[in-house]
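See below for upload.tsv, which holds TSV, C-alpha atoms.
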chain	number	residue	atom	x	y	z
A	20	MET	CA	-18.71	7.39	-21.18
A	21	LEU	CA	-19.87	4.14	-19.57
A	22	VAL	CA	-17.07	2.29	-17.75
A	23	LEU	CA	-16.94	-1.03	-15.91
A	24	GLY	CA	-14.68	-0.90	-12.85
A	25	ILE	CA	-13.06	-3.87	-11.08
A	26	GLU	CA	-11.26	-3.67	-7.73
A	27	THR	CA	-9.48	-6.59	-6.01
A	28	SER	CA	-6.34	-5.07	-4.51
A	29	CYS	CA	-6.76	-6.25	-0.92
A	30	ASP	CA	-9.77	-7.48	1.06
A	31	GLU	CA	-12.70	-5.91	-0.83
A	32	THR	CA	-14.09	-7.45	-4.00
A	33	SER	CA	-15.92	-4.82	-6.00
A	34	VAL	CA	-17.46	-4.18	-9.42
A	35	ALA	CA	-19.16	-1.00	-10.58
A	36	LEU	CA	-20.70	0.72	-13.57
A	37	VAL	CA	-20.03	4.45	-13.81
A	38	ASN	CA	-21.39	6.82	-16.44
A	39	ASN	CA	-19.34	10.03	-16.39
A	40	ASN	CA	-19.65	11.09	-12.72
A	41	ASP	CA	-22.81	9.08	-12.07
A	42	VAL	CA	-22.51	5.76	-10.27
A	43	ILE	CA	-25.09	3.43	-11.76
A	44	LEU	CA	-24.25	0.62	-9.33
A	45	ASN	CA	-21.29	-0.07	-7.04
A	46	LEU	CA	-21.20	-3.54	-5.48
A	47	VAL	CA	-18.68	-4.26	-2.70
A	48	TYR	CA	-18.07	-7.51	-0.86
A	49	SER	CA	-15.94	-7.05	2.26
A	50	GLN	CA	-13.83	-9.95	3.50
A	51	ILE	CA	-13.32	-8.33	6.90
A	52	GLN	CA	-15.12	-11.06	8.87
A	53	THR	CA	-13.00	-13.70	7.15
A	54	HIS	CA	-9.72	-12.03	8.15
A	55	LYS	CA	-10.80	-10.67	11.53
A	56	LYS	CA	-9.97	-13.88	13.40
A	57	PHE	CA	-6.39	-13.65	12.12
A	58	GLY	CA	-5.95	-10.04	13.28
A	59	GLY	CA	-5.03	-8.91	9.76
A	60	ILE	CA	-5.19	-9.73	6.05
A	61	VAL	CA	-4.06	-13.21	4.96
A	62	PRO	CA	-3.00	-12.70	1.29
A	63	GLU	CA	-3.74	-16.22	0.02
A	64	ILE	CA	-7.19	-16.28	1.61
A	65	ALA	CA	-7.91	-12.85	0.14
A	66	ALA	CA	-7.05	-14.06	-3.37
A	67	ARG	CA	-9.26	-17.14	-3.01
A	68	GLU	CA	-12.18	-15.03	-1.81
A	69	HIS	CA	-11.82	-12.71	-4.82
A	70	LEU	CA	-11.77	-15.73	-7.11
A	71	LYS	CA	-15.08	-16.95	-5.64
A	72	LYS	CA	-16.89	-13.63	-5.34
A	73	LEU	CA	-15.84	-11.65	-8.43
A	74	PRO	CA	-17.83	-13.68	-11.04
A	75	LEU	CA	-20.88	-13.62	-8.75
A	76	LEU	CA	-20.72	-9.86	-8.27
A	77	PHE	CA	-20.29	-9.31	-12.00
A	78	SER	CA	-23.39	-11.40	-12.74
A	79	GLN	CA	-25.31	-9.49	-10.06
A	80	LEU	CA	-24.20	-6.17	-11.58
A	81	LEU	CA	-25.52	-7.10	-15.02
A	82	LYS	CA	-28.76	-8.45	-13.57
A	83	GLU	CA	-29.53	-5.42	-11.41
A	84	THR	CA	-28.56	-2.78	-13.98
A	85	GLN	CA	-30.05	-4.61	-16.99
A	86	ILE	CA	-27.17	-3.23	-19.07
A	87	ASP	CA	-25.82	-5.18	-22.01
A	88	ILE	CA	-22.07	-5.56	-21.50
A	89	ASN	CA	-21.62	-4.68	-25.18
A	90	GLU	CA	-22.82	-1.15	-24.36
A	91	ILE	CA	-19.85	-0.24	-22.17
A	92	ASP	CA	-17.06	1.95	-23.56
A	93	GLY	CA	-14.22	0.33	-21.63
A	94	ILE	CA	-12.98	-1.59	-18.60
A	95	ALA	CA	-10.85	-0.26	-15.75
A	96	VAL	CA	-9.15	-2.55	-13.23
A	97	THR	CA	-6.80	-1.97	-10.31
A	98	LYS	CA	-3.23	-2.86	-11.36
A	99	GLY	CA	-1.52	-2.05	-8.05
A	100	PRO	CA	-0.31	-1.42	-5.45
A	101	GLY	CA	-1.83	-4.30	-3.52
A	102	LEU	CA	-1.51	-8.02	-2.84
A	103	ILE	CA	-0.15	-9.71	-5.95
A	104	GLY	CA	-2.48	-12.73	-5.75
A	105	ALA	CA	-5.53	-10.50	-5.27
A	106	LEU	CA	-4.48	-8.19	-8.11
A	107	LEU	CA	-3.97	-11.14	-10.45
A	108	VAL	CA	-7.57	-12.24	-9.95
A	109	GLY	CA	-8.98	-8.86	-10.94
A	110	VAL	CA	-6.62	-8.24	-13.86
A	111	SER	CA	-7.15	-11.75	-15.27
A	112	PHE	CA	-10.93	-11.39	-15.05
A	113	ALA	CA	-10.78	-7.97	-16.73
A	114	LYS	CA	-8.58	-9.32	-19.54
A	115	GLY	CA	-11.07	-12.10	-20.18
A	116	LEU	CA	-13.91	-9.60	-20.51
A	117	ALA	CA	-11.84	-7.32	-22.74
A	118	ILE	CA	-11.12	-10.22	-25.13
A	119	ARG	CA	-14.66	-11.59	-25.08
A	120	TYR	CA	-16.36	-8.25	-25.77
A	121	ASN	CA	-13.55	-6.50	-27.67
A	122	LYS	CA	-13.33	-3.58	-25.24
A	123	PRO	CA	-10.39	-1.32	-24.34
A	124	LEU	CA	-8.81	-2.14	-20.98
A	125	VAL	CA	-6.86	0.20	-18.70
A	126	GLY	CA	-4.99	-0.50	-15.48
A	127	VAL	CA	-5.53	2.04	-12.70
A	128	ASN	CA	-3.15	2.88	-9.86
A	129	HIS	CA	-5.09	2.13	-6.67
A	130	ILE	CA	-3.87	5.30	-4.94
A	131	VAL	CA	-5.04	7.45	-7.84
A	132	GLY	CA	-8.38	5.64	-7.68
A	133	HIS	CA	-8.88	6.90	-4.14
A	134	VAL	CA	-8.16	10.45	-5.31
A	135	TYR	CA	-10.71	10.13	-8.11
A	136	ALA	CA	-13.40	8.95	-5.68
A	137	ASN	CA	-13.85	12.64	-4.95
A	138	TYR	CA	-14.94	13.38	-8.54
A	139	LEU	CA	-17.96	11.17	-7.98
A	140	ALA	CA	-19.12	13.53	-5.22
A	141	TYR	CA	-17.59	16.77	-6.53
A	142	PRO	CA	-17.72	16.87	-10.35
A	143	GLU	CA	-16.65	20.52	-10.15
A	144	LEU	CA	-13.29	19.62	-8.56
A	145	ARG	CA	-10.37	20.85	-10.64
A	146	PRO	CA	-6.57	20.89	-10.13
A	147	PRO	CA	-4.45	22.18	-8.57
A	148	TYR	CA	-5.17	20.64	-5.17
A	149	ILE	CA	-3.40	18.88	-2.31
A	150	VAL	CA	-4.40	15.34	-1.37
A	151	LEU	CA	-4.17	13.74	2.07
A	152	MET	CA	-4.11	10.04	1.20
A	153	VAL	CA	-4.66	7.98	4.35
A	154	SER	CA	-5.26	4.23	4.27
A	155	GLY	CA	-4.18	1.01	5.92
A	156	GLY	CA	-1.09	0.76	3.75
A	157	HIS	CA	-0.26	4.32	2.68
A	158	THR	CA	-0.04	7.77	4.21
A	159	LEU	CA	0.86	10.34	1.57
A	160	ILE	CA	0.55	13.98	0.70
A	161	LEU	CA	0.09	14.43	-3.04
A	162	LYS	CA	0.19	17.55	-5.16
A	163	VAL	CA	-2.08	17.35	-8.18
A	164	ASN	CA	-1.06	19.84	-10.85
A	165	GLU	CA	-3.17	18.38	-13.66
A	166	SER	CA	-5.55	15.44	-13.90
A	167	MET	CA	-2.79	13.26	-15.35
A	168	HIS	CA	0.09	14.55	-13.22
A	169	ILE	CA	0.26	13.65	-9.54
A	170	LYS	CA	3.39	14.15	-7.44
A	171	ILE	CA	4.20	12.62	-4.03
A	172	ILE	CA	5.50	15.41	-1.77
A	173	GLY	CA	5.14	13.68	1.61
A	174	ARG	CA	4.93	10.15	2.97
A	175	SER	CA	5.24	8.15	6.17
A	176	VAL	CA	8.82	7.09	6.85
A	177	ASP	CA	7.59	4.08	8.84
A	178	ASP	CA	4.02	2.99	9.65
A	179	ALA	CA	1.08	4.22	7.63
A	180	VAL	CA	-1.53	5.87	9.84
A	181	GLY	CA	-3.90	2.95	9.23
A	182	GLU	CA	-1.24	0.55	10.50
A	183	ALA	CA	-0.70	2.80	13.53
A	184	PHE	CA	-4.43	2.64	14.30
A	185	ASP	CA	-4.34	-1.17	14.04
A	186	LYS	CA	-1.29	-1.49	16.32
A	187	VAL	CA	-2.64	0.89	18.95
A	188	ALA	CA	-5.96	-0.98	18.88
A	189	ARG	CA	-4.11	-4.25	19.44
A	190	LEU	CA	-2.27	-2.74	22.45
A	191	LEU	CA	-5.64	-1.69	23.87
A	192	GLY	CA	-7.12	-5.14	23.34
A	193	LEU	CA	-9.50	-3.99	20.62
A	194	GLY	CA	-10.51	-5.83	17.47
A	195	TYR	CA	-9.37	-5.59	13.85
A	196	PRO	CA	-9.50	-3.29	11.93
A	197	GLY	CA	-8.33	-0.84	14.56
A	198	GLY	CA	-9.39	2.44	12.98
A	199	PRO	CA	-13.17	2.06	13.38
A	200	GLU	CA	-12.74	0.55	16.86
A	201	ILE	CA	-10.65	3.48	18.10
A	202	ASP	CA	-12.91	6.02	16.37
A	203	LYS	CA	-15.93	4.59	18.19
A	204	LEU	CA	-14.30	4.44	21.64
A	205	ALA	CA	-12.63	7.84	21.30
A	206	LYS	CA	-16.02	9.56	21.14
A	207	GLU	CA	-16.46	8.72	24.82
A	208	GLY	CA	-12.88	9.53	25.83
A	209	ASN	CA	-10.84	12.63	26.66
A	210	PRO	CA	-8.40	13.50	23.84
A	211	LYS	CA	-6.31	15.57	26.27
A	212	ALA	CA	-6.00	12.89	28.96
A	213	PHE	CA	-2.57	11.79	27.69
A	214	ASN	CA	-0.03	13.99	25.93
A	215	PHE	CA	1.25	11.56	23.30
A	216	PRO	CA	4.02	12.79	20.97
A	217	ARG	CA	3.35	14.33	17.54
A	218	PRO	CA	6.43	13.04	15.65
A	219	LYS	CA	7.80	15.26	12.84
A	220	MET	CA	4.88	17.63	13.23
A	221	TYR	CA	6.98	20.78	13.03
A	222	ASP	CA	9.68	19.49	10.67
A	223	PRO	CA	10.06	21.56	7.48
A	224	ASP	CA	9.21	18.60	5.21
A	225	TYR	CA	5.82	16.99	4.61
A	226	ASP	CA	6.73	13.49	5.84
A	227	PHE	CA	5.12	11.54	8.68
A	228	SER	CA	6.25	9.11	11.37
A	229	PHE	CA	3.87	7.08	13.54
A	230	SER	CA	5.98	4.26	14.98
A	231	GLY	CA	7.12	6.40	17.94
A	232	LEU	CA	3.54	7.20	18.85
A	233	LYS	CA	2.71	3.50	18.98
A	234	THR	CA	5.69	2.90	21.28
A	235	SER	CA	4.62	5.78	23.52
A	236	VAL	CA	1.16	4.23	23.91
A	237	LEU	CA	2.80	0.90	24.80
A	238	TYR	CA	4.93	2.47	27.54
A	239	GLU	CA	1.97	4.41	28.92
A	240	ILE	CA	-0.07	1.23	29.18
A	241	LYS	CA	2.81	-0.49	30.99
A	242	ARG	CA	3.14	2.48	33.37
A	243	LEU	CA	-0.56	2.41	34.18
A	244	LYS	CA	-0.52	-1.35	34.80
A	245	ASN	CA	2.51	-1.04	37.07
A	246	ALA	CA	0.63	1.63	39.02
A	247	GLU	CA	-1.97	-1.08	39.69
A	248	ILE	CA	-4.95	1.03	38.68
A	249	GLU	CA	-8.35	-0.63	38.93
A	250	GLU	CA	-9.20	-0.30	35.26
A	251	LEU	CA	-7.22	0.76	32.21
A	252	PRO	CA	-8.69	4.05	30.81
A	253	ILE	CA	-9.05	2.60	27.33
A	254	LYS	CA	-11.39	5.32	26.06
A	255	ASP	CA	-9.02	8.11	27.10
A	256	LEU	CA	-6.02	6.28	25.66
A	257	ALA	CA	-7.85	5.74	22.35
A	258	ALA	CA	-9.00	9.37	22.17
A	259	SER	CA	-5.54	10.76	23.02
A	260	ALA	CA	-3.71	8.52	20.53
A	261	GLN	CA	-6.22	9.34	17.79
A	262	GLU	CA	-5.92	13.07	18.49
A	263	ALA	CA	-2.13	12.94	18.17
A	264	MET	CA	-2.32	11.20	14.79
A	265	ILE	CA	-4.96	13.56	13.43
A	266	ASP	CA	-3.10	16.64	14.63
A	267	VAL	CA	-0.02	15.60	12.66
A	268	LEU	CA	-2.02	14.68	9.54
A	269	LEU	CA	-3.85	17.99	9.38
A	270	HIS	CA	-0.87	20.17	10.34
A	271	LYS	CA	1.32	18.68	7.61
A	272	THR	CA	-1.40	18.78	4.97
A	273	THR	CA	-2.47	22.35	5.62
A	274	LYS	CA	1.20	23.40	5.74
A	275	ALA	CA	1.70	21.92	2.24
A	276	ALA	CA	-1.38	23.75	0.94
A	277	LYS	CA	-0.20	27.08	2.36
A	278	ASP	CA	3.40	26.60	1.17
A	279	PHE	CA	2.24	25.97	-2.40
A	280	GLY	CA	-0.50	28.61	-2.32
A	281	ILE	CA	-3.25	26.04	-2.95
A	282	LYS	CA	-6.64	26.43	-1.28
A	283	ASN	CA	-8.24	23.08	-2.13
A	284	ILE	CA	-7.48	19.96	-0.06
A	285	VAL	CA	-8.83	16.54	-0.98
A	286	LEU	CA	-9.11	13.62	1.47
A	287	ALA	CA	-8.78	10.06	0.19
A	288	GLY	CA	-8.51	6.53	1.57
A	289	GLY	CA	-10.16	4.48	4.29
A	290	VAL	CA	-8.98	6.64	7.21
A	291	ALA	CA	-10.79	9.60	5.60
A	292	ALA	CA	-13.91	8.03	7.12
A	293	ASN	CA	-12.63	8.83	10.63
A	294	SER	CA	-15.23	11.05	12.33
A	295	ARG	CA	-12.72	13.04	14.40
A	296	LEU	CA	-10.62	13.80	11.33
A	297	ARG	CA	-13.70	15.15	9.54
A	298	GLU	CA	-14.77	17.10	12.61
A	299	LYS	CA	-11.40	18.87	13.02
A	300	LEU	CA	-11.43	20.14	9.44
A	301	ALA	CA	-13.75	22.91	10.62
A	302	GLU	CA	-10.83	24.45	12.51
A	303	TYR	CA	-9.06	25.21	9.21
A	304	THR	CA	-11.93	26.78	7.31
A	305	PRO	CA	-12.73	29.24	5.74
A	306	GLU	CA	-9.13	29.81	4.57
A	307	LEU	CA	-9.03	26.33	2.98
A	308	ASN	CA	-11.60	24.27	1.06
A	309	PHE	CA	-11.92	20.58	1.92
A	310	PHE	CA	-13.32	17.89	-0.35
A	311	ILE	CA	-14.26	14.73	1.55
A	312	PRO	CA	-15.56	11.62	-0.23
A	313	PRO	CA	-18.81	10.05	1.01
A	314	LEU	CA	-18.22	7.14	3.39
A	315	GLU	CA	-19.05	4.52	0.74
A	316	PHE	CA	-16.20	5.82	-1.44
A	317	CYS	CA	-13.56	6.01	1.32
A	318	SER	CA	-12.89	2.27	1.48
A	319	ASP	CA	-11.76	0.27	-1.55
A	320	ASN	CA	-14.42	0.20	-4.26
A	321	ALA	CA	-14.71	-0.25	-8.02
A	322	ALA	CA	-16.57	3.02	-8.67
A	323	MET	CA	-13.42	5.04	-7.94
A	324	ILE	CA	-11.41	2.76	-10.23
A	325	ALA	CA	-13.96	3.20	-13.02
A	326	ARG	CA	-13.88	6.99	-12.62
A	327	ALA	CA	-10.08	7.14	-12.74
A	328	GLY	CA	-10.08	4.72	-15.66
A	329	MET	CA	-12.47	7.00	-17.53
A	330	THR	CA	-9.79	9.71	-17.61
A	331	LEU	CA	-7.33	7.24	-19.13
A	332	LEU	CA	-9.85	5.95	-21.67
A	333	GLU	CA	-10.70	9.51	-22.70
A	334	SER	CA	-7.02	9.97	-23.58
A	335	TRP	CA	-7.28	6.89	-25.82
A	336	LYS	CA	-5.14	4.71	-23.57
A	337	ASN	CA	-5.56	0.95	-23.95
A	338	ASP	CA	-3.30	-1.43	-21.99
A	339	GLY	CA	-4.98	-4.49	-23.46
A	340	LEU	CA	-3.37	-7.87	-22.84
A	341	ARG	CA	-0.04	-6.15	-22.06
A	342	LEU	CA	-1.44	-5.15	-18.68
A	343	GLU	CA	0.36	-6.81	-15.77
A	344	PRO	CA	-0.43	-6.29	-12.08
A	345	SER	CA	2.28	-5.00	-9.77
A	346	PRO	CA	2.22	-4.87	-5.95
A	347	ASN	CA	4.94	-2.18	-6.04
A	348	LEU	CA	3.26	0.66	-7.92
A	349	PHE	CA	3.67	2.96	-4.92
A	350	GLU	CA	6.19	5.21	-6.65
A	351	MET	CA	4.56	5.08	-10.08
A	352	ILE	CA	2.10	7.90	-9.86
A	353	GLY	CA	3.38	11.01	-11.67
A	354	ASP	CA	2.55	10.88	-15.37
A	355	GLU	CA	2.55	7.06	-15.38
A	356	TRP	CA	-0.45	6.20	-13.25
Is it possible to express this structure as structure tokens?
Amino acid sequence: MLVLGIETSCDETSVALVNNNDVILNLVYSQIQTHKKFGGIVPEIAAREHLKKLPLLFSQLLKETQIDINEIDGIAVTKGPGLIGALLVGVSFAKGLAIRYNKPLVGVNHIVGHVYANYLAYPELRPPYIVLMVSGGHTLILKVNESMHIKIIGRSVDDAVGEAFDKVARLLGLGYPGGPEIDKLAKEGNPKAFNFPRPKMYDPDYDFSFSGLKTSVLYEIKRLKNAEIEELPIKDLAASAQEAMIDVLLHKTTKAAKDFGIKNIVLAGGVAANSRLREKLAEYTPELNFFIPPLEFCSDNAAMIARAGMTLLESWKNDGLRLEPSPNLFEMIGDEW
């Protein structure tokens, strides 16, 4: 099955052609430099950038692949969660193509798309498995019973881990986005230099909390400045804060896997690219199997949307012109994704 994928949920504009589990071409335009000067995503600017770049990327996709658009079997587009203006651009563009070429159109839950990124690297992956979904906007533990049934069993009660990375980076005077900046600095720091808290780590549930960690970093920075030290140990602070976050993520996820008797754990989302997170997985093998998407499929991309959409198209789903984007699809995973 040949599927065209379209992704415009936040600050990446992306189009892709996927044939079964083979990515023919995945084009991604990142707006990060546009938003960097603002210290975060500006929704209206993001939507305008999608509006400018999406038609150009689509033309480039057709030119480079030399595929006649009439040959595709269907179109998959991100329907949410995300920024409503950004989502509207992608959904409207996909609807236009569906009408013009008389193709079935399916809306894909963005979170599920991240899960399905793993099928592009691991075609042999089969449920049941536990998912650690870590991104700028969401930190979730999912239990996948079947390909069409995904249940949220854990979530952050405050900041997502990606937000925590951004806020800690801001406290340390680092740039945006914070995750890559901290990851880079932490490699030269001591993760045991500061004993930052691991909130909710040993609670019986599978939920997370990262706002207290951010506050602890703030107070530690104030304490160090009041002590009139010559130079703030930014590398040690970054490494220690990162270690605390990763410890909680992996403890909760592996606990869920053991509690449910599931050996396979899937990583998904932008924070899955974190090098320390990937490195620490070795501590939990061989009792558990980890599936980690390649770096190019960790951040938002259309290939993952096309692959998830393929599953919907194979079940003869067609949203057609009824498809409407929604920024609040966070809860709608289950059997409704």
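Omitting region 49-65 of chain A and its sequence neighbours fewer than 4 positions away, and counting all atoms listed in the file, the residues within 10 Å are A:Thr27, A:Ser28, A:Cys29, A:Asp30, A:Glu31, A:Thr32, A:Ser33, A:His69, A:Leu70, A:Gly101, A:Leu102, A:Ile103, A:Gly104, A:Ala105, A:Asp185, A:Arg189, A:Gly194, A:Tyr195, A:Pro196, A:Gly197, A:Ser318, A:Asp319, A:Asn320.
Surrounding region 135-137 of chain A within 9 Å are Leu144, Val285, Leu286, Ala287, Phe310, Ile311, Pro312, Pro313, Phe316, Cys317, Asn320, Ala322, Met323, Ile324, Arg326 and Ala327 of chain A, with only C-alpha atoms counted and residues fewer than 6 positions along the same chain left out.
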**Asked** If we count all atoms listed in the file, what is near Pro218 (chain A) at a cut-off of 12 Å, once residues fewer than 4 positions away on the same chain are taken out, given as a ChimeraX atom specification?
**Response** /A:175-178,222,225-235,263-268,270-271
Skipping near chain neighbours, those fewer than 5 positions away, what residues fall within 9 Å of Leu340 (chain A) using only C-alpha atoms, listed as an mmCIF file with C-alpha atoms, in the frame of the given file?
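File produced: out-v4.cif:
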data_model
loop_
_atom_site.group_PDB
_atom_site.id
_atom_site.type_symbol
_atom_site.label_atom_id
_atom_site.label_comp_id
_atom_site.auth_asym_id
_atom_site.auth_seq_id
_atom_site.Cartn_x
_atom_site.Cartn_y
_atom_site.Cartn_z
ATOM 1 C CA LYS A 114 -8.580 -9.320 -19.540
ATOM 2 C CA ALA A 117 -11.840 -7.320 -22.740
ATOM 3 C CA ILE A 118 -11.120 -10.220 -25.130
ATOM 4 C CA LEU A 124 -8.810 -2.140 -20.980
#
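You can rank A:Gly173, A:Gly93, A:Gly192, A:Pro252 by their closest distance to Lys219 (chain A) using all atoms listed in the file, and at the top of that list sits A:Gly173.
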**Asked** Please, which residues are within 12 Å of (-15.1, 1.6, 18.7) by the file's coordinates, counting all atoms listed in the file, and could they come as a ChimeraX atom specification?
**Response** /A:184,188,191-208,253-254,257-258,261,293-294
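Of the residues under consideration (A:Ile172, A:Ala140, A:Leu76, A:Val180), A:Ile172 shows the shortest atom-to-atom contact distance to Ala276 (chain A) when counting only C-alpha atoms.
Across the structure, CA of Leu161 (chain A) and CA of Glu262 (chain A) are spaced 22.4 Å apart.
Ranking A:Gly288, A:Gly24, A:Gly339, A:Pro223 by their shortest atom-to-atom distance to Ile91 (chain A), with all atoms listed in the file included, puts A:Gly24 first.
For the pair CA of Val47 (chain A) and CA of Lys162 (chain A), the separation is 28.9 Å.
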**Interatomic distance (Å, one decimal) between CA of Thr330 (chain A) and CA of Ser78 (chain A)** = 25.6 Å
**Complete:** For Met329 (chain A), the closest of A:Pro305, A:Leu44, A:Val110, A:Pro123 counting only C-alpha atoms is A:Pro123
**Request:** Might you pull out every residue within 7 Å of Asn45 (chain A), with all atoms listed in the file counted and same-chain residues fewer than 6 positions away left off, and present them as a PyMOL selection string?
**Result:** chain A and resi 34-36+321-322
**Asked** Which is closer to Val42 (chain A) than all the others in A:Arg295, A:Ala325, A:Arg341, A:Gly99, using all atoms listed in the file?
**Response** A:Ala325
Generate a file for region 283-330 of chain A, containing C-alpha atoms, as an mmCIF file, in the first residue's frame.
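Dumped everything to result_12.cif:
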data_model
loop_
_atom_site.group_PDB
_atom_site.id
_atom_site.type_symbol
_atom_site.label_atom_id
_atom_site.label_comp_id
_atom_site.auth_asym_id
_atom_site.auth_seq_id
_atom_site.Cartn_x
_atom_site.Cartn_y
_atom_site.Cartn_z
ATOM 1 C CA ASN A 283 8.648 -5.214 24.834
ATOM 2 C CA ILE A 284 9.034 -1.456 25.422
ATOM 3 C CA VAL A 285 8.757 1.077 22.618
ATOM 4 C CA LEU A 286 10.165 4.617 22.784
ATOM 5 C CA ALA A 287 8.445 7.417 20.887
ATOM 6 C CA GLY A 288 8.621 11.202 20.557
ATOM 7 C CA GLY A 289 11.322 13.830 20.269
ATOM 8 C CA VAL A 290 12.901 13.191 23.684
ATOM 9 C CA ALA A 291 13.532 9.581 22.578
ATOM 10 C CA ALA A 292 16.503 11.081 20.716
ATOM 11 C CA ASN A 293 18.196 11.909 24.039
ATOM 12 C CA SER A 294 21.565 10.127 24.103
ATOM 13 C CA ARG A 295 21.602 9.523 27.867
ATOM 14 C CA LEU A 296 18.121 7.993 27.765
ATOM 15 C CA ARG A 297 19.244 5.577 25.052
ATOM 16 C CA GLU A 298 22.460 4.814 26.907
ATOM 17 C CA LYS A 299 20.701 3.910 30.179
ATOM 18 C CA LEU A 300 18.435 1.373 28.484
ATOM 19 C CA ALA A 301 21.348 -1.066 28.636
ATOM 20 C CA GLU A 302 20.891 -1.258 32.411
ATOM 21 C CA TYR A 303 17.489 -2.923 31.938
ATOM 22 C CA THR A 304 18.421 -5.560 29.384
ATOM 23 C CA PRO A 305 18.299 -8.528 28.821
ATOM 24 C CA GLU A 306 15.077 -8.896 30.843
ATOM 25 C CA LEU A 307 13.306 -6.328 28.621
ATOM 26 C CA ASN A 308 13.408 -5.626 24.878
ATOM 27 C CA PHE A 309 13.609 -1.990 23.764
ATOM 28 C CA PHE A 310 12.547 -0.651 20.382
ATOM 29 C CA ILE A 311 13.993 2.790 19.663
ATOM 30 C CA PRO A 312 13.131 4.721 16.488
ATOM 31 C CA PRO A 313 15.994 6.089 14.375
ATOM 32 C CA LEU A 314 16.757 9.747 15.113
ATOM 33 C CA GLU A 315 15.040 10.973 11.929
ATOM 34 C CA PHE A 316 11.758 9.420 13.089
ATOM 35 C CA CYS A 317 11.876 10.744 16.676
ATOM 36 C CA SER A 318 10.889 14.311 15.818
ATOM 37 C CA ASP A 319 7.651 15.156 14.005
ATOM 38 C CA ASN A 320 7.602 13.735 10.479
ATOM 39 C CA ALA A 321 5.106 12.649 7.837
ATOM 40 C CA ALA A 322 6.499 9.127 7.394
ATOM 41 C CA MET A 323 5.159 8.090 10.807
ATOM 42 C CA ILE A 324 1.771 9.614 9.952
ATOM 43 C CA ALA A 325 1.677 7.720 6.648
ATOM 44 C CA ARG A 326 2.538 4.445 8.398
ATOM 45 C CA ALA A 327 -0.164 4.884 11.033
ATOM 46 C CA GLY A 328 -2.605 5.965 8.344
ATOM 47 C CA MET A 329 -1.862 2.778 6.421
ATOM 48 C CA THR A 330 -3.329 0.726 9.275
#
